[in-house]
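**Student:** Would you mind keeping the following structure in view while I ask a few things?
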Amino acid sequence: MMMNAVGFLKRHARKDTSVIEPAPLPVVGTTAQAVEQARSEGGYPHVVDGSELVNKRMMLCAIAAQLSFPEWAGRNLDALYDCLIDLSWLPKGEHVLIWSGHRVLAEHDPKAYRGIGSVLVAAAQESGERVFRAVCTTD
């Protein structure tokens, strides 16, 4: 089977790892500063250390652990969104997901980084008794 030039280029093109993904969420300083800010505003901080989270599955599991997702919750973007807009198992109030080391996922899996970031942004726009907000930090 012959491949045309466009097909060859698509199959053999290198990913440009020098392109930096923009942060999907507000960047608020250090993790300690973000935790302090969340607490001072009466919120519950939930820190996800992304320094070793290199793929979507790892990040979804880390978020689920930090926000105490129920056992039945799936590990995909739809389930992430559904859980983030519910949070009925947590105390009433604002819950702030603080994502440190977010650049690690951006470097290893840019598609997952964009997907998870977009779900976090979308869920933060929903409101209820348990408000969800997410931020990235510089460390």
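Chain labels follow the order of the structure tokens: the first chain is A, the next B, and so on; residue numbering restarts at 1 in every chain, and ligands are counted from 1 in their shown order.
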Which residues of range 81-134 of chain A come within 9 Å of range 38-55 of chain A, and what is each one's closest atom pair and distance in Å (one decimal), counting only C-alpha atoms, sorted by chain and residue number, as a Markdown table?
**Tutor:**
| residue | atom | partner | partner_atom | distance |
| --- | --- | --- | --- | --- |
| A:Pro91 | CA | A:Tyr44 | CA | 8.9 |
| A:Gly93 | CA | A:Gly43 | CA | 6.4 |
| A:Glu94 | CA | A:Gly43 | CA | 4.7 |
| A:His95 | CA | A:Tyr44 | CA | 4.8 |
| A:Val96 | CA | A:Pro45 | CA | 4.9 |
| A:Leu97 | CA | A:His46 | CA | 4.8 |
| A:Ile98 | CA | A:Val47 | CA | 4.7 |
| A:Trp99 | CA | A:Val48 | CA | 5.0 |
| A:Ser100 | CA | A:Asp49 | CA | 5.1 |
| A:Gly101 | CA | A:Gly50 | CA | 4.4 |
| A:His102 | CA | A:Gly50 | CA | 5.5 |
| A:Arg103 | CA | A:Gly50 | CA | 8.0 |
| A:Val104 | CA | A:Ser51 | CA | 5.9 |
| A:Leu105 | CA | A:Val54 | CA | 4.9 |
| A:Ala106 | CA | A:Val54 | CA | 8.3 |
| A:Glu107 | CA | A:Val54 | CA | 8.1 |
| A:His108 | CA | A:Val54 | CA | 5.5 |
| A:Asp109 | CA | A:Asn55 | CA | 5.8 |
| A:Ala112 | CA | A:Asn55 | CA | 6.8 |
| A:Tyr113 | CA | A:Asn55 | CA | 8.4 |
**Student:** With only C-alpha atoms as the counted atoms, please give the residues lying no more than 8 Å from Leu25 in chain A, apart from itself and same-chain residues fewer than 5 positions off, as JSON, numbers by chain.
**Tutor:** {"A": [117, 120, 121, 134, 135, 136]}
**Student:** Dump all heavy atoms for the selected residues as a tab-separated table (two decimals), in the first residue's frame?
**Tutor:**
chain	number	residue	atom	x	y	z
A	117	GLY	N	-8.02	20.03	32.40
A	117	GLY	CA	-8.17	21.46	32.67
A	117	GLY	C	-9.52	21.99	32.25
A	117	GLY	O	-10.16	22.75	32.98
A	120	LEU	N	-12.15	20.85	34.76
A	120	LEU	CA	-12.05	21.61	36.02
A	120	LEU	C	-12.66	23.00	35.86
A	120	LEU	O	-13.38	23.48	36.74
A	120	LEU	CB	-10.59	21.72	36.47
A	120	LEU	CG	-9.90	20.40	36.83
A	120	LEU	CD1	-8.43	20.64	37.17
A	120	LEU	CD2	-10.60	19.70	37.98
A	121	VAL	N	-12.39	23.64	34.73
A	121	VAL	CA	-12.96	24.97	34.46
A	121	VAL	C	-14.48	24.88	34.37
A	121	VAL	O	-15.21	25.68	34.97
A	121	VAL	CB	-12.36	25.58	33.18
A	121	VAL	CG1	-13.13	26.80	32.73
A	121	VAL	CG2	-10.89	25.92	33.39
A	134	ALA	N	-10.96	25.53	41.27
A	134	ALA	CA	-9.65	24.92	41.05
A	134	ALA	C	-8.64	25.98	40.64
A	134	ALA	O	-8.98	26.91	39.90
A	134	ALA	CB	-9.74	23.83	39.98
A	135	VAL	N	-7.42	25.81	41.13
A	135	VAL	CA	-6.32	26.72	40.78
A	135	VAL	C	-5.04	25.91	40.57
A	135	VAL	O	-4.92	24.78	41.06
A	135	VAL	CB	-6.08	27.77	41.89
A	135	VAL	CG1	-7.28	28.68	42.07
A	135	VAL	CG2	-5.69	27.12	43.22
A	136	CYS	N	-4.12	26.48	39.85
A	136	CYS	CA	-2.78	25.91	39.70
A	136	CYS	C	-1.82	26.76	40.54
A	136	CYS	O	-2.12	27.91	40.85
A	136	CYS	CB	-2.33	25.96	38.24
A	136	CYS	SG	-3.25	24.87	37.14
**Student:** Within range 22-136 of chain A, find each residue whose DSSP state, derived from the backbone, is alpha helix (DSSP H), and express the selection as a VMD selection string.
**Tutor:** chain A and resid 31 to 40 56 to 66 77 to 84 102 to 108 110 to 124
**Student:** Counting only C-alpha atoms, what is within 12 Å of Glu71 in chain A, bar same-chain residues fewer than 4 positions away, as a PyMOL selection string?
**Tutor:** chain A and resi 61+64-65+67+75+79+83+89
**Student:** Write down as a list in words the residues of chain A whose backbone DSSP state falls under strand (DSSP E).
**Tutor:**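 Of chain A, the ones in strand (DSSP E) are Tyr44, Pro45, His46, Val47, Val48, Asp49, Gly93, Glu94, His95, Val96, Leu97, Ile98, Trp99, Ser100, Arg130, Val131, Phe132, Arg133, Ala134, Val135 and Cys136 of chain A.
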**Student:** For a test of reading the model, state the distance in Å between CA of Gln125 in chain A and CA of Met59 in chain A, rounded to one decimal.
**Tutor:**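 Here the two named atoms are 20.7 Å from each other.
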**Student:** For CA of Leu80 in chain A and CA of Arg57 in chain A, quote the distance in Å rounded to one decimal.
**Tutor:** 11.3 Å
